[in-house]
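K.L.:
Structure below; questions to follow.
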Amino acid sequence: MKRNLQILLGLVIGIGLLWFLFRDTDWNTFWQAIWNADPLWLLVAQIPIWASFILRVQRWHYIVRSTKPVRFGILFNATQIGFLANFVLPLRAGELIRALIVARRAQLPFTRGVAFVAMDRVADLFGLAACMLITLAALQIPGSILPAPGALGSFTPGMVRSGTLVAFAVLVALVTALVLLYANRGLMLRINDRLVGLVSRKLAASTHTHLEQFAHGLSVLRSPGDMLKAIFWSMLVWGTFILSTAAFLKAFGVDFPWYTPFLIQVLVAVAVSIPGPPGFVGQFHVAFVAGILMTVSGAVPDEAKAIAITAHLLNMLATVAVGIACLLLEQAGLLELTRQSVQAQQTAEEQAE
């Protein structure tokens with residue numbers, strides 16, 4: 001029942017965001033923008049998208065090898081099948097599926113696979129933090145953020161700066177908490193049990209399990225060199241996001257300031273962190289459009305919507321195509337992997353109680 005409610009809530013959020021974004025759309029302008037897009041720049045935008053598939057796995061490699069060397073092909077298949085699941089299934093099912101595949105193929109406990117995925121997300125946060133810092137620096141430039149016309153209301157430099165600062169502070173607090181968890185796991189777990197236990201003993205047991213999984217994943221910190229390498233590859237991954245976004249803007253003839261792709265990626269990252277529908281439908285589009293309207297002078301909202309739809313669609317097609325190929329290589333079914341990963345998670349939580 002709880003999962004069904006979460007799925008329903010995600011669908012409501014996605015539909016609501018799409019309605020909000022497209023309710024006043026001039027479809028002639030929208031389709032004309034897509035028709036006039038430069039196919040060469042759209043092709044260029046694909047290069048960093050496909051490159052990111054390789055770079056993400058290379059980043060994860062330095063985390064996983066802290067416990068046991070795992071072949072690149074196994075990590076690649078697990079990662080791409082996980083991304084495929086995130087695009088077509090609810091509740092970010094791909095995270096558990098990725099953990100399940102790498103744990104099975106490397107003959108490790110499922111909880112260790114979950115820890116690997118969790119630590120990969122931590123490394124990913126460093127790339128996001130770098131984009132946030134660059135965005136904050138850009139906000140100091142006079143006139144860098146313009147009022148957004150029409151569909152999305154008005155944004156001021158102060159609003160965007162405050163929102164980015166809050167998101168950055170949360171990010172720093174999260175990383176700090178994880179480091180403290182590594183330094184004194186017992187203390188952090190006792191704090192969790194007492195504080196969360198005041199609300200619900202069942203919730204405290206669940207968060208206790210997740211914190212332990214994070215603590216196992218933090219074993220990569222025993223090798224500063226591997227951690228630095230993972231962070232370095234995370235920066236490269238985020239660089240591909242920036243380049244791809246810039247290419248999409250070029251494809252539609254947008255004359256944008258240098259910091260526009262950075263702001264777009266920050267907004268998209270924050271938006272998709274909120275529970276929503278499969279494929280981040282609605283969340284991705286509203287954030288992408290907002291980034292354009294806030295930074296590009298004279299931007300037309302309907303053209304910005306066309307760019308967001310195109311960017312999301314081409315990202316999705318690449319992810320789905322590679323994910324299906326990896327599924328065939330693994331000789332596995334997506335729904336069956338979902339069922340098995342959920343079952344493995346439930347078993348892990350029961351054992352922790």
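Chain lettering (A, B, ...) mirrors the order of the structure tokens, residue numbering begins at 1 for each chain separately, and ligand numbering begins at 1 in order of display.
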Neighbours of A:Leu96 within 10 Å (only C-alpha atoms; same-chain residues fewer than 6 positions away dropped), as an mmCIF file with N, CA and C atoms, in the first residue's frame?

P.N.:
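Final output, saved to part.cif:
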```
data_model
loop_
_atom_site.group_PDB
_atom_site.id
_atom_site.type_symbol
_atom_site.label_atom_id
_atom_site.label_comp_id
_atom_site.auth_asym_id
_atom_site.auth_seq_id
_atom_site.Cartn_x
_atom_site.Cartn_y
_atom_site.Cartn_z
ATOM 1 N N GLY A 82 20.416 0.077 -14.238
ATOM 2 C CA GLY A 82 19.852 0.905 -13.175
ATOM 3 C C GLY A 82 19.281 2.205 -13.706
ATOM 4 N N ALA A 85 16.049 1.549 -15.515
ATOM 5 C CA ALA A 85 14.944 1.362 -14.566
ATOM 6 C C ALA A 85 14.454 2.694 -14.013
ATOM 7 N N PHE A 110 24.141 -8.215 -0.574
ATOM 8 C CA PHE A 110 23.334 -7.162 -1.186
ATOM 9 C C PHE A 110 23.561 -5.816 -0.502
ATOM 10 N N THR A 111 23.695 -5.834 0.819
ATOM 11 C CA THR A 111 23.898 -4.582 1.550
ATOM 12 C C THR A 111 25.200 -3.889 1.134
ATOM 13 N N GLY A 113 26.405 -4.044 -1.916
ATOM 14 C CA GLY A 113 26.067 -3.420 -3.200
ATOM 15 C C GLY A 113 25.348 -2.098 -3.003
ATOM 16 N N VAL A 114 24.416 -2.065 -2.038
ATOM 17 C CA VAL A 114 23.709 -0.819 -1.727
ATOM 18 C C VAL A 114 24.704 0.237 -1.233
ATOM 19 N N VAL A 117 26.481 1.828 -4.157
ATOM 20 C CA VAL A 117 25.620 2.791 -4.843
ATOM 21 C C VAL A 117 25.521 4.081 -4.037
ATOM 22 N N LEU A 337 14.046 -8.247 -12.004
ATOM 23 C CA LEU A 337 15.123 -7.633 -11.222
ATOM 24 C C LEU A 337 14.548 -6.690 -10.165
ATOM 25 N N THR A 338 13.489 -5.978 -10.542
ATOM 26 C CA THR A 338 12.837 -5.074 -9.582
ATOM 27 C C THR A 338 12.278 -5.862 -8.407
ATOM 28 N N GLN A 340 13.155 -8.820 -7.325
ATOM 29 C CA GLN A 340 14.229 -9.424 -6.545
ATOM 30 C C GLN A 340 14.959 -8.375 -5.699
ATOM 31 N N SER A 341 15.141 -7.169 -6.234
ATOM 32 C CA SER A 341 15.846 -6.128 -5.484
ATOM 33 C C SER A 341 15.017 -5.639 -4.302
ATOM 34 N N VAL A 342 13.712 -5.510 -4.498
ATOM 35 C CA VAL A 342 12.827 -5.104 -3.399
ATOM 36 C C VAL A 342 12.812 -6.178 -2.314
ATOM 37 N N ALA A 344 15.215 -8.320 -1.707
ATOM 38 C CA ALA A 344 16.518 -8.292 -1.038
ATOM 39 C C ALA A 344 16.588 -7.158 -0.023
ATOM 40 N N GLN A 345 16.007 -6.011 -0.360
ATOM 41 C CA GLN A 345 16.002 -4.884 0.572
ATOM 42 C C GLN A 345 15.164 -5.203 1.805
#
```

K.L.:
Quick one: everything within 12 Å of A:Val272, counting only C-alpha atoms, minus sequence neighbours fewer than 3 positions away in the same chain. Send it as a PDB file with N, CA and C atoms, in the first residue's frame.

P.N.:
```pdb
ATOM      1  N   GLY A  10       3.959  10.320  -7.002  1.00  0.00           N
ATOM      2  CA  GLY A  10       4.909  10.683  -8.040  1.00  0.00           C
ATOM      3  C   GLY A  10       4.227  11.044  -9.339  1.00  0.00           C
ATOM      4  N   ILE A  13       2.584  14.446  -9.023  1.00  0.00           N
ATOM      5  CA  ILE A  13       3.586  15.509  -9.107  1.00  0.00           C
ATOM      6  C   ILE A  13       3.997  15.751 -10.561  1.00  0.00           C
ATOM      7  N   GLY A  14       4.278  14.668 -11.292  1.00  0.00           N
ATOM      8  CA  GLY A  14       4.697  14.802 -12.682  1.00  0.00           C
ATOM      9  C   GLY A  14       3.632  15.445 -13.551  1.00  0.00           C
ATOM     10  N   ASN A  86      15.370   3.619 -13.747  1.00  0.00           N
ATOM     11  CA  ASN A  86      14.969   4.928 -13.234  1.00  0.00           C
ATOM     12  C   ASN A  86      14.131   5.706 -14.241  1.00  0.00           C
ATOM     13  N   PHE A  87      14.334   5.433 -15.533  1.00  0.00           N
ATOM     14  CA  PHE A  87      13.590   6.140 -16.570  1.00  0.00           C
ATOM     15  C   PHE A  87      12.211   5.529 -16.816  1.00  0.00           C
ATOM     16  N   LEU A  91       9.773   5.140  -8.232  1.00  0.00           N
ATOM     17  CA  LEU A  91      10.486   5.024  -6.951  1.00  0.00           C
ATOM     18  C   LEU A  91      11.983   4.776  -7.105  1.00  0.00           C
ATOM     19  N   ARG A  92      12.587   5.294  -8.176  1.00  0.00           N
ATOM     20  CA  ARG A  92      14.031   5.124  -8.394  1.00  0.00           C
ATOM     21  C   ARG A  92      14.457   3.669  -8.199  1.00  0.00           C
ATOM     22  N   GLN A 265      21.849  22.890 -14.756  1.00  0.00           N
ATOM     23  CA  GLN A 265      22.186  21.604 -14.147  1.00  0.00           C
ATOM     24  C   GLN A 265      21.936  21.610 -12.640  1.00  0.00           C
ATOM     25  N   VAL A 266      22.203  22.725 -11.974  1.00  0.00           N
ATOM     26  CA  VAL A 266      21.923  22.821 -10.538  1.00  0.00           C
ATOM     27  C   VAL A 266      20.419  22.701 -10.292  1.00  0.00           C
ATOM     28  N   LEU A 267      19.624  23.441 -11.078  1.00  0.00           N
ATOM     29  CA  LEU A 267      18.175  23.398 -10.901  1.00  0.00           C
ATOM     30  C   LEU A 267      17.619  22.006 -11.196  1.00  0.00           C
ATOM     31  N   VAL A 268      18.127  21.369 -12.251  1.00  0.00           N
ATOM     32  CA  VAL A 268      17.658  20.024 -12.595  1.00  0.00           C
ATOM     33  C   VAL A 268      18.015  19.032 -11.483  1.00  0.00           C
ATOM     34  N   ALA A 269      19.253  19.137 -10.965  1.00  0.00           N
ATOM     35  CA  ALA A 269      19.688  18.225  -9.904  1.00  0.00           C
ATOM     36  C   ALA A 269      18.812  18.355  -8.663  1.00  0.00           C
ATOM     37  N   PRO A 275      11.003  13.309  -4.822  1.00  0.00           N
ATOM     38  CA  PRO A 275      10.283  12.140  -5.341  1.00  0.00           C
ATOM     39  C   PRO A 275       9.281  12.539  -6.416  1.00  0.00           C
ATOM     40  N   GLY A 276       9.285  11.804  -7.511  1.00  0.00           N
ATOM     41  CA  GLY A 276       8.404  12.127  -8.626  1.00  0.00           C
ATOM     42  C   GLY A 276       8.155  10.919  -9.495  1.00  0.00           C
ATOM     43  N   PRO A 277       7.704  11.135 -10.717  1.00  0.00           N
ATOM     44  CA  PRO A 277       7.375  10.031 -11.608  1.00  0.00           C
ATOM     45  C   PRO A 277       8.610   9.425 -12.244  1.00  0.00           C
ATOM     46  N   PRO A 278       8.483   8.286 -12.925  1.00  0.00           N
ATOM     47  CA  PRO A 278       9.622   7.703 -13.632  1.00  0.00           C
ATOM     48  C   PRO A 278      10.176   8.672 -14.670  1.00  0.00           C
ATOM     49  N   GLY A 279      11.502   8.616 -14.858  1.00  0.00           N
ATOM     50  CA  GLY A 279      12.119   9.444 -15.884  1.00  0.00           C
ATOM     51  C   GLY A 279      12.206  10.914 -15.541  1.00  0.00           C
ATOM     52  N   PHE A 280      11.809  11.284 -14.295  1.00  0.00           N
ATOM     53  CA  PHE A 280      11.887  12.677 -13.857  1.00  0.00           C
ATOM     54  C   PHE A 280      11.040  13.594 -14.752  1.00  0.00           C
ATOM     55  N   VAL A 281       9.962  13.046 -15.304  1.00  0.00           N
ATOM     56  CA  VAL A 281       9.084  13.813 -16.179  1.00  0.00           C
ATOM     57  C   VAL A 281       8.448  14.959 -15.389  1.00  0.00           C
ATOM     58  N   GLY A 282       8.491  16.127 -15.931  1.00  0.00           N
ATOM     59  CA  GLY A 282       7.961  17.309 -15.264  1.00  0.00           C
ATOM     60  C   GLY A 282       9.031  18.005 -14.444  1.00  0.00           C
ATOM     61  N   GLN A 283       9.683  17.261 -13.558  1.00  0.00           N
ATOM     62  CA  GLN A 283      10.748  17.857 -12.741  1.00  0.00           C
ATOM     63  C   GLN A 283      11.880  18.384 -13.618  1.00  0.00           C
ATOM     64  N   PHE A 284      12.342  17.539 -14.532  1.00  0.00           N
ATOM     65  CA  PHE A 284      13.429  17.930 -15.431  1.00  0.00           C
ATOM     66  C   PHE A 284      13.021  19.145 -16.271  1.00  0.00           C
ATOM     67  N   HIS A 285      11.824  19.119 -16.824  1.00  0.00           N
ATOM     68  CA  HIS A 285      11.405  20.134 -17.783  1.00  0.00           C
ATOM     69  C   HIS A 285      11.232  21.505 -17.136  1.00  0.00           C
ATOM     70  N   VAL A 286      10.577  21.534 -15.973  1.00  0.00           N
ATOM     71  CA  VAL A 286      10.377  22.825 -15.292  1.00  0.00           C
ATOM     72  C   VAL A 286      11.712  23.447 -14.908  1.00  0.00           C
ATOM     73  N   ALA A 287      12.643  22.630 -14.376  1.00  0.00           N
ATOM     74  CA  ALA A 287      13.948  23.149 -13.972  1.00  0.00           C
ATOM     75  C   ALA A 287      14.742  23.645 -15.181  1.00  0.00           C
ATOM     76  N   PHE A 288      14.709  22.901 -16.264  1.00  0.00           N
ATOM     77  CA  PHE A 288      15.457  23.275 -17.470  1.00  0.00           C
ATOM     78  C   PHE A 288      14.932  24.598 -18.034  1.00  0.00           C
TER      79      PHE A 288
END
```

K.L.:
Smallest atom-to-atom distance to A:Arg185: which of A:Leu89, A:Leu211, A:Val44, A:Val172, using only C-alpha atoms?

P.N.:
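Once distances to A:Arg185 are computed over only C-alpha atoms, the minimum belongs to A:Leu211.
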
K.L.:
Nearest to A:Leu139: which of A:Thr260, A:Ser273, A:Gln46, A:Ser200 is it, counting only C-alpha atoms?

P.N.:
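For A:Leu139, the nearest of the given residues is A:Thr260.
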
K.L.:
How many Å separate atom CA of A:Ser52 from atom CA of A:Leu125?

P.N.:
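Computed distance, atom CA of A:Ser52 to atom CA of A:Leu125, equals 15.5 Å.
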
K.L.:
Please run DSSP on the backbone and report, as a PyMOL selection string, all residues within stretch 6-122 of chain A that come out as helix (DSSP H, G or I).

P.N.:
chain A and resi 6-22+27-35+39-64+72-88+93-105+110-122

K.L.:
May I have the residues from that selection written out with C-alpha atoms, as an mmCIF file, in the first residue's frame?

P.N.:
```cif
data_model
loop_
_atom_site.group_PDB
_atom_site.id
_atom_site.type_symbol
_atom_site.label_atom_id
_atom_site.label_comp_id
_atom_site.auth_asym_id
_atom_site.auth_seq_id
_atom_site.Cartn_x
_atom_site.Cartn_y
_atom_site.Cartn_z
ATOM 1 C CA GLN A 6 4.306 6.733 -3.375
ATOM 2 C CA ILE A 7 3.810 5.782 -7.029
ATOM 3 C CA LEU A 8 0.508 7.653 -7.155
ATOM 4 C CA LEU A 9 2.070 10.727 -5.528
ATOM 5 C CA GLY A 10 4.909 10.683 -8.040
ATOM 6 C CA LEU A 11 2.478 10.547 -10.952
ATOM 7 C CA VAL A 12 0.435 13.405 -9.503
ATOM 8 C CA ILE A 13 3.586 15.509 -9.107
ATOM 9 C CA GLY A 14 4.697 14.802 -12.682
ATOM 10 C CA ILE A 15 1.295 15.527 -14.221
ATOM 11 C CA GLY A 16 0.925 18.673 -12.118
ATOM 12 C CA LEU A 17 4.318 20.021 -13.174
ATOM 13 C CA LEU A 18 3.639 19.312 -16.855
ATOM 14 C CA TRP A 19 0.271 21.063 -16.620
ATOM 15 C CA PHE A 20 1.879 24.034 -14.887
ATOM 16 C CA LEU A 21 4.587 24.297 -17.533
ATOM 17 C CA PHE A 22 2.527 23.747 -20.676
ATOM 18 C CA TRP A 27 2.097 25.045 -29.855
ATOM 19 C CA ASN A 28 2.894 26.647 -33.217
ATOM 20 C CA THR A 29 5.912 28.366 -31.653
ATOM 21 C CA PHE A 30 6.840 25.168 -29.813
ATOM 22 C CA TRP A 31 6.836 22.927 -32.894
ATOM 23 C CA GLN A 32 8.507 25.585 -35.060
ATOM 24 C CA ALA A 33 11.395 25.730 -32.591
ATOM 25 C CA ILE A 34 11.859 21.956 -32.781
ATOM 26 C CA TRP A 35 11.608 21.960 -36.570
ATOM 27 C CA PRO A 39 20.639 18.661 -36.328
ATOM 28 C CA LEU A 40 24.444 18.981 -36.225
ATOM 29 C CA TRP A 41 24.379 20.520 -32.743
ATOM 30 C CA LEU A 42 21.854 17.906 -31.636
ATOM 31 C CA LEU A 43 24.329 15.269 -32.785
ATOM 32 C CA VAL A 44 27.158 17.033 -30.937
ATOM 33 C CA ALA A 45 25.010 16.996 -27.780
ATOM 34 C CA GLN A 46 24.960 13.198 -27.955
ATOM 35 C CA ILE A 47 28.742 12.895 -27.628
ATOM 36 C CA PRO A 48 28.977 14.002 -23.959
ATOM 37 C CA ILE A 49 25.809 12.042 -23.129
ATOM 38 C CA TRP A 50 27.372 8.791 -24.309
ATOM 39 C CA ALA A 51 30.736 9.730 -22.810
ATOM 40 C CA SER A 52 29.062 10.177 -19.411
ATOM 41 C CA PHE A 53 28.063 6.491 -19.464
ATOM 42 C CA ILE A 54 31.742 5.520 -19.475
ATOM 43 C CA LEU A 55 32.891 8.197 -17.023
ATOM 44 C CA ARG A 56 30.245 7.282 -14.440
ATOM 45 C CA VAL A 57 31.383 3.670 -14.419
ATOM 46 C CA GLN A 58 35.019 4.719 -14.119
ATOM 47 C CA ARG A 59 34.090 6.819 -11.066
ATOM 48 C CA TRP A 60 32.230 3.894 -9.523
ATOM 49 C CA HIS A 61 35.185 1.600 -10.215
ATOM 50 C CA TYR A 62 37.364 3.449 -7.686
ATOM 51 C CA ILE A 63 34.655 3.026 -5.046
ATOM 52 C CA VAL A 64 33.896 -0.646 -5.632
ATOM 53 C CA PHE A 72 34.366 -2.918 -15.893
ATOM 54 C CA GLY A 73 31.730 -4.759 -17.948
ATOM 55 C CA ILE A 74 29.847 -5.841 -14.821
ATOM 56 C CA LEU A 75 29.842 -2.308 -13.428
ATOM 57 C CA PHE A 76 28.772 -0.894 -16.795
ATOM 58 C CA ASN A 77 25.837 -3.293 -17.174
ATOM 59 C CA ALA A 78 24.695 -2.724 -13.598
ATOM 60 C CA THR A 79 24.876 1.049 -13.989
ATOM 61 C CA GLN A 80 23.052 1.258 -17.311
ATOM 62 C CA ILE A 81 20.322 -1.170 -16.306
ATOM 63 C CA GLY A 82 19.852 0.905 -13.175
ATOM 64 C CA PHE A 83 19.499 4.105 -15.210
ATOM 65 C CA LEU A 84 17.069 2.364 -17.557
ATOM 66 C CA ALA A 85 14.944 1.362 -14.566
ATOM 67 C CA ASN A 86 14.969 4.928 -13.234
ATOM 68 C CA PHE A 87 13.590 6.140 -16.570
ATOM 69 C CA VAL A 88 10.778 3.592 -16.915
ATOM 70 C CA ALA A 93 13.979 1.349 -8.642
ATOM 71 C CA GLY A 94 17.230 1.486 -10.571
ATOM 72 C CA GLU A 95 19.313 2.183 -7.475
ATOM 73 C CA LEU A 96 18.377 -1.136 -5.866
ATOM 74 C CA ILE A 97 18.690 -2.980 -9.173
ATOM 75 C CA ARG A 98 22.209 -1.641 -9.682
ATOM 76 C CA ALA A 99 23.131 -2.784 -6.186
ATOM 77 C CA LEU A 100 21.595 -6.225 -6.780
ATOM 78 C CA ILE A 101 23.443 -6.870 -10.051
ATOM 79 C CA VAL A 102 26.883 -5.838 -8.841
ATOM 80 C CA ALA A 103 26.442 -7.752 -5.566
ATOM 81 C CA ARG A 104 25.447 -10.931 -7.375
ATOM 82 C CA ARG A 105 28.086 -10.761 -10.071
ATOM 83 C CA PHE A 110 23.334 -7.162 -1.186
ATOM 84 C CA THR A 111 23.898 -4.582 1.550
ATOM 85 C CA ARG A 112 27.436 -4.055 0.296
ATOM 86 C CA GLY A 113 26.067 -3.420 -3.200
ATOM 87 C CA VAL A 114 23.709 -0.819 -1.727
ATOM 88 C CA ALA A 115 26.684 0.745 0.055
ATOM 89 C CA PHE A 116 28.573 1.006 -3.235
ATOM 90 C CA VAL A 117 25.620 2.791 -4.843
ATOM 91 C CA ALA A 118 25.281 5.116 -1.861
ATOM 92 C CA MET A 119 28.953 6.038 -1.963
ATOM 93 C CA ASP A 120 28.754 6.649 -5.692
ATOM 94 C CA ARG A 121 26.014 9.165 -4.972
ATOM 95 C CA VAL A 122 28.252 10.828 -2.401
#
```

K.L.:
Could you tell me how far atom CA of A:Ile274 sits from atom CA of A:Arg190, in Å to one decimal place?

P.N.:
27.8 Å

K.L.:
Measuring atom to atom with only C-alpha atoms, identify which of A:Ser244, A:Ser223, A:Thr164, A:Thr176 is nearest to A:Leu128.

P.N.:
A:Thr164

K.L.:
For atom CA of A:Gly163 and atom CA of A:Met132, quote the distance in Å rounded to one decimal.

P.N.:
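Distance between the two atoms: 10.5 Å.
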